[in-house]
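Engineer: The structure is given below, and queries will be raised subsequently.
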Amino acid sequence: MNRAIHTSLCFTVMGLTAASCSFAQDPAPRARTATNRSFGIHINRNSYLGIGVAEIDSERAKALNLKEVHGVEVKSVDHDSPAAKAGLKESDVVLEYNGQRIEGAEQFIRLVRETPVDRQVKLLVWRNGGDVTVTATIGHRMEQYSLRSGDGDDGDLTVEIPAMPAMPPMPPMPEIPPMPEISVRTYGSARTGMLGIDCESLGSQLAGFFGVKDGVLVRAVAKDSAAEKAGMRAGDVVVKVDGEAVTGVHEITSLARAARSKRTFPVVVVRDKKEVTLNVTVESPRP
């Protein structure tokens, strides 16, 4: 007698997605001592595009003929994935995701994960020295696990899954007192691809050593970058960009972007405790 029993259960995996479980008995009866049963568990994971990506640095940007140092490079494309169906290829550079500029891999992965399954997205891609717009439909990652039961009789397999008990109500959260106001100044480091420099904010002790009150220390200058062509060196302290004072690393990028339409703008640095004005020329923004 051929019989198959299927039971499904939906549950939450790590707070991310729902899953379904399927249990089935082999249709043909077997000997009592050689019964094997297979169970399959299929788990739907989070939103899925199907590519492996890598960060873009100044050297890789030059090799790919990129106009700016941003985006992520496609290093691999999963077979039959949403990315493969959309036509994405290895060595493509994703510059924008639904109109949002891509600065790095962590941001790109977060945007994909936050996009609902079956939603169409537009990707601005750099390929063979030109821009290409690709439309992809976000899918979901499917993982499959297989289990086998050992020896048993050849009777029908019956699986009963009890109803899950109702979750007790959560107790009310206690009121959290307001945090006291704290004034904190952070000193971080960053790379600005537009100018081609690695830089970091100065603390009060370093600022005094370089003879400035505020500014951003240039740690390294990329070869053939806008900063190098303007004469900037490692050890310079940037104090002004296009006439505006600079106190932190985030201001260099924002001020340089604001001045990009001029193509050439002044950058004041302190070198050997003396101010030096450099004229930096950057690429015009893409239409």
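Residue numbering restarts at 1 in every chain; chains get A, B, ... in the order shown in the structure tokens, and ligands count up from 1 in that same order.
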Tell me which protein, DNA and RNA residues are within 8 Å of Gln120 in chain A, counting only C-alpha atoms, leaving out same-chain ones fewer than 4 positions away, and put them as a VMD selection string.
Structural biologist: chain A and resid 135 to 138
Engineer: Go ahead and write the selection's residues with N, CA, C and O atoms as a PDB file, in the first residue's frame.
Structural biologist:
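Once written, part.pdb looks like this:
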ATOM      1  N   THR A 135      18.147  46.240 -14.602  1.00  0.00           N
ATOM      2  CA  THR A 135      16.993  46.050 -13.717  1.00  0.00           C
ATOM      3  C   THR A 135      16.979  44.604 -13.234  1.00  0.00           C
ATOM      4  O   THR A 135      17.003  43.672 -14.040  1.00  0.00           O
ATOM      5  N   ALA A 136      16.968  44.421 -11.909  1.00  0.00           N
ATOM      6  CA  ALA A 136      16.958  43.082 -11.320  1.00  0.00           C
ATOM      7  C   ALA A 136      15.762  42.958 -10.385  1.00  0.00           C
ATOM      8  O   ALA A 136      15.308  43.944  -9.803  1.00  0.00           O
ATOM      9  N   THR A 137      15.247  41.733 -10.259  1.00  0.00           N
ATOM     10  CA  THR A 137      14.156  41.452  -9.326  1.00  0.00           C
ATOM     11  C   THR A 137      14.721  40.694  -8.138  1.00  0.00           C
ATOM     12  O   THR A 137      15.276  39.605  -8.289  1.00  0.00           O
ATOM     13  N   ILE A 138      14.609  41.278  -6.943  1.00  0.00           N
ATOM     14  CA  ILE A 138      15.179  40.669  -5.743  1.00  0.00           C
ATOM     15  C   ILE A 138      14.480  39.342  -5.452  1.00  0.00           C
ATOM     16  O   ILE A 138      13.247  39.249  -5.471  1.00  0.00           O
TER      17      ILE A 138
END
Engineer: Just the residues within 9 Å of Ala259 in chain A, please, counting only C-alpha atoms, with nothing from its chain fewer than 6 positions along; format it as a PyMOL selection string.
Structural biologist: chain A and resi 241-242+265
Engineer: How would the residues just chosen look if you wrote them out with N, CA, C and O atoms as a JSON list (two decimals), in the first residue's frame?
Structural biologist:
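Final output, saved to selection.json:
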[["chain", "number", "residue", "atom", "x", "y", "z"],
["A", 241, "VAL", "N", 39.05, 74.27, 2.71],
["A", 241, "VAL", "CA", 38.70, 73.78, 1.39],
["A", 241, "VAL", "C", 37.75, 74.79, 0.76],
["A", 241, "VAL", "O", 36.67, 75.06, 1.30],
["A", 242, "ASP", "N", 38.17, 75.36, -0.35],
["A", 242, "ASP", "CA", 37.38, 76.38, -1.05],
["A", 242, "ASP", "C", 36.95, 77.51, -0.11],
["A", 242, "ASP", "O", 35.80, 77.97, -0.13],
["A", 265, "PHE", "N", 39.58, 74.38, -7.28],
["A", 265, "PHE", "CA", 39.29, 75.18, -6.10],
["A", 265, "PHE", "C", 40.50, 75.14, -5.17],
["A", 265, "PHE", "O", 41.30, 74.20, -5.21]]
Engineer: DSSP on the backbone, alpha helix (DSSP H) only: what residues of range 34-153 of chain A does that give? Format it as a list in words.
Structural biologist: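 Output for range 34-153 of chain A, alpha helix (DSSP H) only: Ser58, Glu59, Arg60, Ala61, Lys62, Ala63, Pro82, Ala83, Ala84, Lys85, Ala86, Ala105, Glu106, Gln107, Phe108, Ile109, Arg110, Leu111, Val112, Arg113 and Glu114 of chain A.
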Engineer: Put those residues in a file: N, CA and C atoms, as a tab-separated table (two decimals), in the first residue's frame.
Structural biologist:
chain	number	residue	atom	x	y	z
A	58	SER	N	41.71	53.28	-4.93
A	58	SER	CA	42.16	54.15	-6.01
A	58	SER	C	42.87	53.36	-7.11
A	59	GLU	N	43.65	52.35	-6.75
A	59	GLU	CA	44.36	51.57	-7.76
A	59	GLU	C	43.38	50.78	-8.62
A	60	ARG	N	42.37	50.16	-7.95
A	60	ARG	CA	41.40	49.38	-8.72
A	60	ARG	C	40.54	50.29	-9.59
A	61	ALA	N	40.21	51.49	-9.07
A	61	ALA	CA	39.43	52.44	-9.85
A	61	ALA	C	40.18	52.84	-11.12
A	62	LYS	N	41.50	53.03	-11.00
A	62	LYS	CA	42.30	53.39	-12.17
A	62	LYS	C	42.32	52.24	-13.18
A	63	ALA	N	42.45	51.01	-12.67
A	63	ALA	CA	42.48	49.85	-13.57
A	63	ALA	C	41.16	49.68	-14.33
A	82	PRO	N	19.05	36.11	-9.32
A	82	PRO	CA	18.47	37.34	-9.87
A	82	PRO	C	19.49	38.20	-10.60
A	83	ALA	N	20.73	38.26	-10.08
A	83	ALA	CA	21.76	39.05	-10.75
A	83	ALA	C	22.11	38.47	-12.12
A	84	ALA	N	22.22	37.13	-12.20
A	84	ALA	CA	22.53	36.49	-13.48
A	84	ALA	C	21.41	36.72	-14.50
A	85	LYS	N	20.16	36.63	-14.04
A	85	LYS	CA	19.03	36.85	-14.94
A	85	LYS	C	18.97	38.29	-15.42
A	86	ALA	N	19.46	39.23	-14.59
A	86	ALA	CA	19.46	40.64	-14.98
A	86	ALA	C	20.63	41.00	-15.90
A	105	ALA	N	30.93	48.19	0.19
A	105	ALA	CA	30.25	46.89	0.19
A	105	ALA	C	29.24	46.76	1.32
A	106	GLU	N	29.59	47.26	2.51
A	106	GLU	CA	28.67	47.14	3.66
A	106	GLU	C	27.36	47.85	3.38
A	107	GLN	N	27.43	49.05	2.81
A	107	GLN	CA	26.22	49.80	2.47
A	107	GLN	C	25.41	49.06	1.41
A	108	PHE	N	26.08	48.52	0.37
A	108	PHE	CA	25.39	47.83	-0.71
A	108	PHE	C	24.66	46.60	-0.20
A	109	ILE	N	25.33	45.80	0.64
A	109	ILE	CA	24.70	44.59	1.18
A	109	ILE	C	23.49	44.95	2.03
A	110	ARG	N	23.60	46.02	2.81
A	110	ARG	CA	22.47	46.45	3.64
A	110	ARG	C	21.27	46.85	2.78
A	111	LEU	N	21.53	47.56	1.67
A	111	LEU	CA	20.44	47.98	0.79
A	111	LEU	C	19.72	46.78	0.19
A	112	VAL	N	20.49	45.76	-0.22
A	112	VAL	CA	19.86	44.55	-0.78
A	112	VAL	C	19.00	43.86	0.28
A	113	ARG	N	19.55	43.72	1.50
A	113	ARG	CA	18.81	43.04	2.56
A	113	ARG	C	17.53	43.77	2.94
A	114	GLU	N	17.54	45.10	2.81
A	114	GLU	CA	16.36	45.88	3.20
A	114	GLU	C	15.31	45.95	2.09
Engineer: Range 273-280 of chain A: which residues within 7 Å, counting only C-alpha atoms, same-chain residues fewer than 6 positions away excluded, as a ChimeraX atom specification?
Structural biologist: /A:210-211,226-227,230-231,264-267
Engineer: Write out as a list in words each polymer residue whose atoms come within 9 Å of Gly196 in chain A, counting only C-alpha atoms; drop sequence neighbours fewer than 5 positions from it.
Structural biologist: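 In the requested format, the answer is Ser58, Val69, Arg191, Ala220, Val221, Ala222, Lys223, Asp224, Ser225, Ala226, Ala227 and Glu228 of chain A.
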Engineer: Show which residues sit within 8 Å of Val134 in chain A, as a VMD selection string. Count only C-alpha atoms, and ignore same-chain residues fewer than 6 positions away.
Structural biologist: chain A and resid 86 to 88 122 to 125
Engineer: How far is it from CA of Phe209 in chain A to CA of Ile197 in chain A, in Å with one decimal?
Structural biologist: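 That distance, rounded to one decimal, is 21.0 Å.
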Engineer: So the first atom is CA of Val239 in chain A and the second is CA of Val216 in chain A; what is the distance between them in Å, to one decimal place?
Structural biologist: 6.7 Å
Engineer: Using only C-alpha atoms, pick whichever of A:Lys75, A:Arg219, A:Lys67, A:Lys240 has the shortest atom-to-atom distance to Val268 in chain A.
Structural biologist: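 For Val268 in chain A, the nearest of the given residues is A:Lys240.
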Engineer: When distances are computed from only C-alpha atoms, which of A:Leu195, A:Ser254, A:Lys262, A:Val72 shows the smallest separation from Met232 in chain A?
Structural biologist: A:Leu195
